[in-house]
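Visitor: Following this line is coords36.cif, made up of mmCIF, C-alpha atoms and all ligand atoms:
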```cif
data_final
loop_
_atom_site.group_PDB
_atom_site.id
_atom_site.type_symbol
_atom_site.label_atom_id
_atom_site.label_comp_id
_atom_site.auth_asym_id
_atom_site.auth_seq_id
_atom_site.Cartn_x
_atom_site.Cartn_y
_atom_site.Cartn_z
ATOM 1 C CA MET A 29 287.578 78.530 33.757
ATOM 2 C CA LEU A 30 283.959 79.159 32.798
ATOM 3 C CA LYS A 31 285.127 80.617 29.532
ATOM 4 C CA THR A 32 287.138 77.475 28.813
ATOM 5 C CA ILE A 33 284.179 75.243 29.600
ATOM 6 C CA LEU A 34 281.931 77.330 27.365
ATOM 7 C CA THR A 35 284.474 77.236 24.563
ATOM 8 C CA VAL A 36 284.775 73.464 24.826
ATOM 9 C CA LEU A 37 280.999 73.136 24.912
ATOM 10 C CA LEU A 38 280.704 75.297 21.822
ATOM 11 C CA ILE A 39 283.294 73.216 19.979
ATOM 12 C CA VAL A 40 281.515 69.985 20.961
ATOM 13 C CA LEU A 41 278.150 71.386 19.865
ATOM 14 C CA THR A 42 279.519 72.669 16.578
ATOM 15 C CA PHE A 43 281.228 69.382 15.957
ATOM 16 C CA SER A 44 278.171 67.324 16.814
ATOM 17 C CA THR A 45 275.779 69.341 14.636
ATOM 18 C CA SER A 46 278.098 69.321 11.624
ATOM 19 C CA PHE A 47 279.358 65.784 11.814
ATOM 20 C CA ALA A 48 276.903 63.892 14.002
ATOM 21 C CA ASP A 49 275.312 62.034 11.145
ATOM 22 C CA GLU A 50 277.519 59.426 9.551
ATOM 23 C CA ASN A 51 275.134 59.112 6.621
ATOM 24 C CA PHE A 52 274.503 62.762 5.838
ATOM 25 C CA TYR A 53 277.702 64.765 5.838
ATOM 26 C CA ILE A 54 279.664 67.379 3.952
ATOM 27 C CA SER A 55 283.376 67.399 3.302
ATOM 28 C CA GLU A 56 285.850 69.445 1.319
ATOM 29 C CA ILE A 57 287.104 67.911 -1.917
ATOM 30 C CA SER A 58 289.789 65.491 -0.750
ATOM 31 C CA ASP A 59 292.605 64.347 -3.048
ATOM 32 C CA GLU A 60 290.766 61.060 -3.440
ATOM 33 C CA ILE A 61 287.537 62.771 -4.558
ATOM 34 C CA PHE A 62 289.450 65.202 -6.764
ATOM 35 C CA ALA A 63 291.040 62.281 -8.578
ATOM 36 C CA ARG A 64 287.524 61.050 -9.412
ATOM 37 C CA ILE A 65 286.382 64.365 -10.939
ATOM 38 C CA LYS A 66 289.569 65.725 -12.527
ATOM 39 C CA GLY A 67 289.263 65.901 -16.303
ATOM 40 C CA LYS A 68 285.579 64.919 -16.027
ATOM 41 C CA SER A 69 283.162 67.263 -14.202
ATOM 42 C CA PHE A 70 286.198 69.275 -13.082
ATOM 43 C CA LYS A 71 287.370 69.855 -16.641
ATOM 44 C CA ASP A 72 290.887 70.863 -17.575
ATOM 45 C CA ASP A 73 289.679 74.410 -18.346
ATOM 46 C CA CYS A 74 287.745 74.671 -15.058
ATOM 47 C CA THR A 75 288.032 78.222 -13.746
ATOM 48 C CA LEU A 76 286.119 77.559 -10.533
ATOM 49 C CA PRO A 77 288.449 77.019 -7.561
ATOM 50 C CA VAL A 78 288.067 73.510 -6.171
ATOM 51 C CA GLU A 79 287.919 75.142 -2.713
ATOM 52 C CA ASP A 80 284.469 76.445 -3.677
ATOM 53 C CA LEU A 81 283.115 72.916 -3.993
ATOM 54 C CA ARG A 82 281.855 70.512 -1.371
ATOM 55 C CA TYR A 83 281.250 66.773 -1.392
ATOM 56 C CA LEU A 84 277.932 65.586 0.061
ATOM 57 C CA HIS A 85 277.287 62.060 1.248
ATOM 58 C CA VAL A 86 273.594 61.230 1.660
ATOM 59 C CA LEU A 87 271.051 58.455 1.765
ATOM 60 C CA HIS A 88 268.023 58.335 -0.509
ATOM 61 C CA LYS A 89 265.138 55.990 -1.153
ATOM 62 C CA ASP A 90 263.948 54.556 -4.432
ATOM 63 C CA LEU A 91 260.320 53.950 -5.422
ATOM 64 C CA ASP A 92 260.286 50.650 -3.524
ATOM 65 C CA GLY A 93 261.406 52.391 -0.338
ATOM 66 C CA LYS A 94 264.840 50.789 -0.547
ATOM 67 C CA THR A 95 267.683 52.905 0.876
ATOM 68 C CA HIS A 96 270.727 53.763 -1.226
ATOM 69 C CA GLU A 97 273.884 55.764 -0.617
ATOM 70 C CA GLY A 98 274.254 58.931 -2.642
ATOM 71 C CA GLU A 99 277.071 61.316 -3.505
ATOM 72 C CA MET A 100 276.802 64.845 -4.828
ATOM 73 C CA ILE A 101 279.220 67.703 -5.440
ATOM 74 C CA CYS A 102 277.897 71.251 -5.272
ATOM 75 C CA ASN A 103 279.019 74.769 -4.362
ATOM 76 C CA LYS A 104 279.928 75.402 -0.705
ATOM 77 C CA TYR A 105 277.356 78.201 -0.689
ATOM 78 C CA ILE A 106 274.432 75.753 -1.040
ATOM 79 C CA ALA A 107 275.986 72.645 0.558
ATOM 80 C CA ASP A 108 274.248 72.934 3.953
ATOM 81 C CA ASP A 109 270.871 73.648 2.365
ATOM 82 C CA VAL A 110 271.109 70.831 -0.171
ATOM 83 C CA LEU A 111 272.155 68.385 2.546
ATOM 84 C CA GLU A 112 269.177 69.447 4.658
ATOM 85 C CA ILE A 113 266.793 69.124 1.701
ATOM 86 C CA LEU A 114 268.057 65.652 0.776
ATOM 87 C CA LYS A 115 267.816 64.569 4.402
ATOM 88 C CA LYS A 116 264.219 65.767 4.668
ATOM 89 C CA LEU A 117 263.346 64.014 1.404
ATOM 90 C CA PHE A 118 264.876 60.801 2.718
ATOM 91 C CA GLU A 119 262.957 61.076 5.991
ATOM 92 C CA ALA A 120 259.735 61.679 4.035
ATOM 93 C CA ASP A 121 260.338 58.584 1.841
ATOM 94 C CA TYR A 122 260.461 60.869 -1.192
ATOM 95 C CA PRO A 123 261.734 58.711 -4.040
ATOM 96 C CA ILE A 124 265.002 59.661 -5.723
ATOM 97 C CA GLU A 125 266.342 56.880 -7.886
ATOM 98 C CA LYS A 126 270.038 57.725 -8.128
ATOM 99 C CA ILE A 127 272.370 60.346 -6.654
ATOM 100 C CA ARG A 128 275.724 59.630 -8.239
ATOM 101 C CA LEU A 129 278.598 61.828 -9.290
ATOM 102 C CA VAL A 130 278.139 62.743 -12.949
ATOM 103 C CA ASP A 131 281.736 61.587 -13.338
ATOM 104 C CA GLU A 132 280.388 58.029 -13.228
ATOM 105 C CA TYR A 133 278.851 58.912 -16.594
ATOM 106 C CA ASN A 134 282.119 60.460 -17.760
ATOM 107 C CA ALA A 135 280.523 63.860 -16.947
ATOM 108 C CA ASP A 136 278.093 63.326 -19.848
ATOM 109 C CA ASP A 137 274.820 65.008 -18.796
ATOM 110 C CA GLU A 138 272.746 63.223 -21.396
ATOM 111 C CA LEU A 139 273.854 59.788 -20.152
ATOM 112 C CA SER A 140 273.343 60.834 -16.535
ATOM 113 C CA MET A 141 269.819 62.103 -17.303
ATOM 114 C CA ARG A 142 268.860 59.006 -19.286
ATOM 115 C CA ASP A 143 269.785 57.034 -16.166
ATOM 116 C CA ASN A 144 267.529 59.284 -14.054
ATOM 117 C CA ASN A 145 270.510 60.456 -12.034
ATOM 118 C CA SER A 146 270.305 63.484 -9.711
ATOM 119 C CA SER A 147 273.346 65.752 -9.551
ATOM 120 C CA SER A 148 274.675 69.298 -9.320
ATOM 121 C CA PHE A 149 278.234 70.272 -10.301
ATOM 122 C CA ASN A 150 279.425 69.785 -13.858
ATOM 123 C CA PHE A 151 281.771 72.468 -15.101
ATOM 124 C CA ARG A 152 280.873 74.285 -18.295
ATOM 125 C CA PHE A 153 280.699 77.738 -19.758
ATOM 126 C CA ILE A 154 277.428 79.050 -21.178
ATOM 127 C CA SER A 155 277.637 78.387 -24.941
ATOM 128 C CA HIS A 156 279.847 80.841 -26.836
ATOM 129 C CA THR A 157 280.758 82.804 -23.662
ATOM 130 C CA THR A 158 283.349 82.704 -20.892
ATOM 131 C CA LYS A 159 280.587 82.861 -18.296
ATOM 132 C CA ILE A 160 280.320 79.774 -16.119
ATOM 133 C CA SER A 161 276.851 78.170 -16.072
ATOM 134 C CA LYS A 162 275.056 77.555 -12.794
ATOM 135 C CA HIS A 163 275.814 73.831 -12.927
ATOM 136 C CA GLY A 164 279.384 74.864 -13.685
ATOM 137 C CA LEU A 165 279.381 76.807 -10.419
ATOM 138 C CA GLY A 166 277.635 73.993 -8.556
ATOM 139 C CA LEU A 167 274.735 76.372 -7.842
ATOM 140 C CA ALA A 168 272.042 74.317 -9.585
ATOM 141 C CA VAL A 169 270.665 70.886 -8.691
ATOM 142 C CA ASP A 170 268.829 68.448 -10.983
ATOM 143 C CA ILE A 171 266.483 65.869 -9.449
ATOM 144 C CA ASN A 172 265.079 62.667 -11.045
ATOM 145 C CA THR A 173 266.164 63.880 -14.439
ATOM 146 C CA LEU A 174 264.590 61.338 -16.795
ATOM 147 C CA TYR A 175 261.079 61.983 -15.463
ATOM 148 C CA ASN A 176 261.619 65.748 -15.268
ATOM 149 C CA PRO A 177 263.219 66.710 -18.571
ATOM 150 C CA TYR A 178 264.379 69.977 -20.033
ATOM 151 C CA THR A 179 262.234 70.941 -23.001
ATOM 152 C CA LYS A 180 261.893 73.836 -25.377
ATOM 153 C CA VAL A 181 260.244 74.346 -28.750
ATOM 154 C CA VAL A 182 262.511 76.041 -31.310
ATOM 155 C CA ASP A 183 261.144 76.774 -34.811
ATOM 156 C CA GLY A 184 258.355 74.273 -34.260
ATOM 157 C CA LYS A 185 260.766 71.514 -33.241
ATOM 158 C CA ARG A 186 260.881 70.136 -29.733
ATOM 159 C CA ILE A 187 264.249 69.968 -27.990
ATOM 160 C CA LEU A 188 264.236 67.355 -25.250
ATOM 161 C CA GLU A 189 266.937 66.506 -22.713
ATOM 162 C CA PRO A 190 267.338 63.687 -22.134
ATOM 163 C CA ALA A 191 266.177 62.679 -25.592
ATOM 164 C CA THR A 192 264.558 59.543 -24.119
ATOM 165 C CA ALA A 193 262.109 61.498 -21.903
ATOM 166 C CA GLY A 194 259.284 61.795 -24.485
ATOM 167 C CA GLU A 195 256.767 60.066 -22.224
ATOM 168 C CA TYR A 196 257.277 62.671 -19.509
ATOM 169 C CA VAL A 197 256.818 65.906 -21.435
ATOM 170 C CA ASP A 198 253.051 65.968 -20.876
ATOM 171 C CA ARG A 199 252.854 67.282 -17.324
ATOM 172 C CA THR A 200 249.088 66.707 -17.058
ATOM 173 C CA LYS A 201 249.839 62.980 -16.871
ATOM 174 C CA ASP A 202 250.522 61.249 -13.601
ATOM 175 C CA PHE A 203 253.731 59.239 -13.209
ATOM 176 C CA PRO A 204 256.305 58.524 -10.511
ATOM 177 C CA TYR A 205 259.103 61.000 -9.714
ATOM 178 C CA LYS A 206 257.136 63.875 -11.286
ATOM 179 C CA ILE A 207 258.061 67.296 -9.874
ATOM 180 C CA ASP A 208 255.330 69.927 -9.812
ATOM 181 C CA GLU A 209 254.375 72.788 -7.531
ATOM 182 C CA ASN A 210 252.646 70.468 -5.051
ATOM 183 C CA ASP A 211 255.740 68.377 -4.706
ATOM 184 C CA LEU A 212 257.766 68.205 -1.470
ATOM 185 C CA CYS A 213 261.062 68.491 -3.353
ATOM 186 C CA TYR A 214 259.795 71.665 -5.050
ATOM 187 C CA LYS A 215 258.653 73.129 -1.720
ATOM 188 C CA LEU A 216 261.940 72.434 0.075
ATOM 189 C CA PHE A 217 264.090 73.976 -2.660
ATOM 190 C CA ILE A 218 261.838 77.048 -2.923
ATOM 191 C CA GLU A 219 261.992 77.490 0.878
ATOM 192 C CA LYS A 220 265.776 77.711 0.590
ATOM 193 C CA GLY A 221 265.613 80.429 -2.064
ATOM 194 C CA PHE A 222 266.077 78.318 -5.178
ATOM 195 C CA GLU A 223 264.155 78.928 -8.407
ATOM 196 C CA TRP A 224 262.541 76.090 -10.317
ATOM 197 C CA GLY A 225 263.105 75.560 -14.044
ATOM 198 C CA GLY A 226 259.518 74.325 -14.354
ATOM 199 C CA SER A 227 258.384 77.924 -13.778
ATOM 200 C CA TRP A 228 260.345 79.286 -16.726
ATOM 201 C CA LYS A 229 258.380 80.699 -19.648
ATOM 202 C CA SER A 230 260.129 79.864 -22.929
ATOM 203 C CA ALA A 231 261.910 76.699 -21.848
ATOM 204 C CA LYS A 232 260.890 74.283 -19.118
ATOM 205 C CA ASP A 233 263.444 72.488 -17.000
ATOM 206 C CA TYR A 234 261.403 70.380 -14.606
ATOM 207 C CA GLN A 235 264.393 68.697 -12.955
ATOM 208 C CA HIS A 236 266.248 71.948 -12.287
ATOM 209 C CA PHE A 237 266.571 74.106 -9.132
ATOM 210 C CA GLU A 238 268.995 77.022 -9.160
ATOM 211 C CA ILE A 239 270.189 80.000 -7.144
ATOM 212 C CA PRO A 240 268.732 83.220 -8.655
ATOM 213 C CA ASP A 241 270.846 85.424 -10.941
ATOM 214 C CA ASP A 242 271.158 88.353 -8.505
ATOM 215 C CA VAL A 243 272.534 86.114 -5.743
ATOM 216 C CA VAL A 244 274.949 84.395 -8.128
ATOM 217 C CA ALA A 245 276.132 87.827 -9.357
ATOM 218 C CA LYS A 246 276.994 88.762 -5.776
ATOM 219 C CA LEU A 247 278.828 85.489 -5.150
ATOM 220 C CA TYR A 248 280.760 85.619 -8.439
ATOM 221 C CA PRO A 249 280.866 89.273 -9.562
ATOM 222 C CA ASN A 250 283.602 88.534 -12.118
ATOM 223 C CA ASN A 251 281.644 85.755 -13.806
ATOM 224 C CA LYS A 252 280.339 87.675 -16.819
HETATM 225 ZN ZN ZN A 301 269.874 71.663 -14.348
#
```
Kindly return the structure encoded in the file as structure tokens.
Ligand SMILES: [Zn+2]
Guide:
Amino acid sequence: MLKTILTVLLIVLTFSTSFADENFYISEISDEIFARIKGKSFKDDCTLPVEDLRYLHVLHKDLDGKTHEGEMICNKYIADDVLEILKKLFEADYPIEKIRLVDEYNADDELSMRDNNSSSFNFRFISHTTKISKHGLGLAVDINTLYNPYTKVVDGKRILEPATAGEYVDRTKDFPYKIDENDLCYKLFIEKGFEWGGSWKSAKDYQHFEIPDDVVAKLYPNNK
């Protein structure tokens, strides 16, 4: 009898901690969600099993403190942590302008970044390889992308993604949505074991948080 009561209690507790919040929750990729991503972020040549992905529903606040609904798809391995981070950012009034599925931009990263969208999964191989990129695995998250661009200088020429982020390359300037090492978003991702693209040496990817190579290699040993 006691065992039964304890079992029931455990089920109730598990259920309430996982699903208690109607605004912040995780689900598997339902048929309905799959239909939204198929042929877009989940490309026809996608070699990642859809079972490895999770759908996150969240709330986030814009610069004016207005609340919006957000949706993100990421790897199941980071789903709990990303949900927790986004919830803490919401509770701290940390501004995130948009959290939409990249599929709403036809899975076009450049368009998504120009719109300052925050997202994670978008299937792709690393150029000229059969190795899936970290966004392709859903193990990297980009936040407030227009204000935190990717940039690299190659042969004296600056590469900038999105191309419209010129105003935000100079990180000594102060502007909204800027991620740096004093930033709450930075701190929360680092606490969960992510690495920040703003710390990279040759390129800088200020919007980008990813799971380190050694951890990814353990999760996907065949992804070479
Ligand atoms: Zn990224």
Visitor: Report, as AutoDock Vina command-line options, the centre and edge lengths in Å (one decimal) of the axis-aligned box enclosing every listed atom of range 118-129 of chain A, padded by 4 Å on each side.
Guide:
```
--center_x 269.2 --center_y 59.4 --center_z -1.6 --size_x 26.9 --size_y 12.9 --size_z 23.3
```
Visitor: Written as a PyMOL selection string, what is the full residue list that the PyMOL selection byres (((chain A and resi 164-173) around 9) and not hetatm) yields on the file shown?
Guide: chain A and resi 69-70+74+76+80-81+101-106+110+123-127+140-154+160-163+174-178+189-190+193+205-207+213+222+234-239+244
Visitor: If you keep C-alpha atoms, can you produce a file of those selected residues as a PDB file, keeping the file's coordinate frame?
Guide:
```pdb
ATOM      1  CA  SER A  69     283.162  67.263 -14.202  1.00  0.00           C
ATOM      2  CA  PHE A  70     286.198  69.275 -13.082  1.00  0.00           C
ATOM      3  CA  CYS A  74     287.745  74.671 -15.058  1.00  0.00           C
ATOM      4  CA  LEU A  76     286.119  77.559 -10.533  1.00  0.00           C
ATOM      5  CA  ASP A  80     284.469  76.445  -3.677  1.00  0.00           C
ATOM      6  CA  LEU A  81     283.115  72.916  -3.993  1.00  0.00           C
ATOM      7  CA  ILE A 101     279.220  67.703  -5.440  1.00  0.00           C
ATOM      8  CA  CYS A 102     277.897  71.251  -5.272  1.00  0.00           C
ATOM      9  CA  ASN A 103     279.019  74.769  -4.362  1.00  0.00           C
ATOM     10  CA  LYS A 104     279.928  75.402  -0.705  1.00  0.00           C
ATOM     11  CA  TYR A 105     277.356  78.201  -0.689  1.00  0.00           C
ATOM     12  CA  ILE A 106     274.432  75.753  -1.040  1.00  0.00           C
ATOM     13  CA  VAL A 110     271.109  70.831  -0.171  1.00  0.00           C
ATOM     14  CA  PRO A 123     261.734  58.711  -4.040  1.00  0.00           C
ATOM     15  CA  ILE A 124     265.002  59.661  -5.723  1.00  0.00           C
ATOM     16  CA  GLU A 125     266.342  56.880  -7.886  1.00  0.00           C
ATOM     17  CA  LYS A 126     270.038  57.725  -8.128  1.00  0.00           C
ATOM     18  CA  ILE A 127     272.370  60.346  -6.654  1.00  0.00           C
ATOM     19  CA  SER A 140     273.343  60.834 -16.535  1.00  0.00           C
ATOM     20  CA  MET A 141     269.819  62.103 -17.303  1.00  0.00           C
ATOM     21  CA  ARG A 142     268.860  59.006 -19.286  1.00  0.00           C
ATOM     22  CA  ASP A 143     269.785  57.034 -16.166  1.00  0.00           C
ATOM     23  CA  ASN A 144     267.529  59.284 -14.054  1.00  0.00           C
ATOM     24  CA  ASN A 145     270.510  60.456 -12.034  1.00  0.00           C
ATOM     25  CA  SER A 146     270.305  63.484  -9.711  1.00  0.00           C
ATOM     26  CA  SER A 147     273.346  65.752  -9.551  1.00  0.00           C
ATOM     27  CA  SER A 148     274.675  69.298  -9.320  1.00  0.00           C
ATOM     28  CA  PHE A 149     278.234  70.272 -10.301  1.00  0.00           C
ATOM     29  CA  ASN A 150     279.425  69.785 -13.858  1.00  0.00           C
ATOM     30  CA  PHE A 151     281.771  72.468 -15.101  1.00  0.00           C
ATOM     31  CA  ARG A 152     280.873  74.285 -18.295  1.00  0.00           C
ATOM     32  CA  PHE A 153     280.699  77.738 -19.758  1.00  0.00           C
ATOM     33  CA  ILE A 154     277.428  79.050 -21.178  1.00  0.00           C
ATOM     34  CA  ILE A 160     280.320  79.774 -16.119  1.00  0.00           C
ATOM     35  CA  SER A 161     276.851  78.170 -16.072  1.00  0.00           C
ATOM     36  CA  LYS A 162     275.056  77.555 -12.794  1.00  0.00           C
ATOM     37  CA  HIS A 163     275.814  73.831 -12.927  1.00  0.00           C
ATOM     38  CA  LEU A 174     264.590  61.338 -16.795  1.00  0.00           C
ATOM     39  CA  TYR A 175     261.079  61.983 -15.463  1.00  0.00           C
ATOM     40  CA  ASN A 176     261.619  65.748 -15.268  1.00  0.00           C
ATOM     41  CA  PRO A 177     263.219  66.710 -18.571  1.00  0.00           C
ATOM     42  CA  TYR A 178     264.379  69.977 -20.033  1.00  0.00           C
ATOM     43  CA  GLU A 189     266.937  66.506 -22.713  1.00  0.00           C
ATOM     44  CA  PRO A 190     267.338  63.687 -22.134  1.00  0.00           C
ATOM     45  CA  ALA A 193     262.109  61.498 -21.903  1.00  0.00           C
ATOM     46  CA  TYR A 205     259.103  61.000  -9.714  1.00  0.00           C
ATOM     47  CA  LYS A 206     257.136  63.875 -11.286  1.00  0.00           C
ATOM     48  CA  ILE A 207     258.061  67.296  -9.874  1.00  0.00           C
ATOM     49  CA  CYS A 213     261.062  68.491  -3.353  1.00  0.00           C
ATOM     50  CA  PHE A 222     266.077  78.318  -5.178  1.00  0.00           C
ATOM     51  CA  TYR A 234     261.403  70.380 -14.606  1.00  0.00           C
ATOM     52  CA  GLN A 235     264.393  68.697 -12.955  1.00  0.00           C
ATOM     53  CA  HIS A 236     266.248  71.948 -12.287  1.00  0.00           C
ATOM     54  CA  PHE A 237     266.571  74.106  -9.132  1.00  0.00           C
ATOM     55  CA  GLU A 238     268.995  77.022  -9.160  1.00  0.00           C
ATOM     56  CA  ILE A 239     270.189  80.000  -7.144  1.00  0.00           C
ATOM     57  CA  VAL A 244     274.949  84.395  -8.128  1.00  0.00           C
TER      58      VAL A 244
END
```
Visitor: So how far away is CA of Leu84 in chain A from CA of Ala107 in chain A, in Å?
Guide: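 Computed distance, CA of Ala107 in chain A to CA of Leu84 in chain A, equals 7.3 Å.
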Visitor: What does the structure give for the distance between CA of Phe118 in chain A and CA of Phe52 in chain A, in Å to one decimal?
Guide: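 Interatomic distance, CA of Phe118 in chain A to CA of Phe52 in chain A: 10.3 Å.
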Visitor: For a test of reading the model, state the distance in Å between CA of Arg128 in chain A and CA of Tyr83 in chain A, rounded to one decimal.
Guide: 11.3 Å
Visitor: So which one's closest to ligand ZN 301 (chain A), A:Lys252, A:His85, A:Lys232, A:Lys115? Using only C-alpha atoms and all ligand atoms, please.
Guide: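 Comparing A:Lys252, A:His85, A:Lys232, A:Lys115 against ligand ZN 301 (chain A), the winner is A:Lys232.
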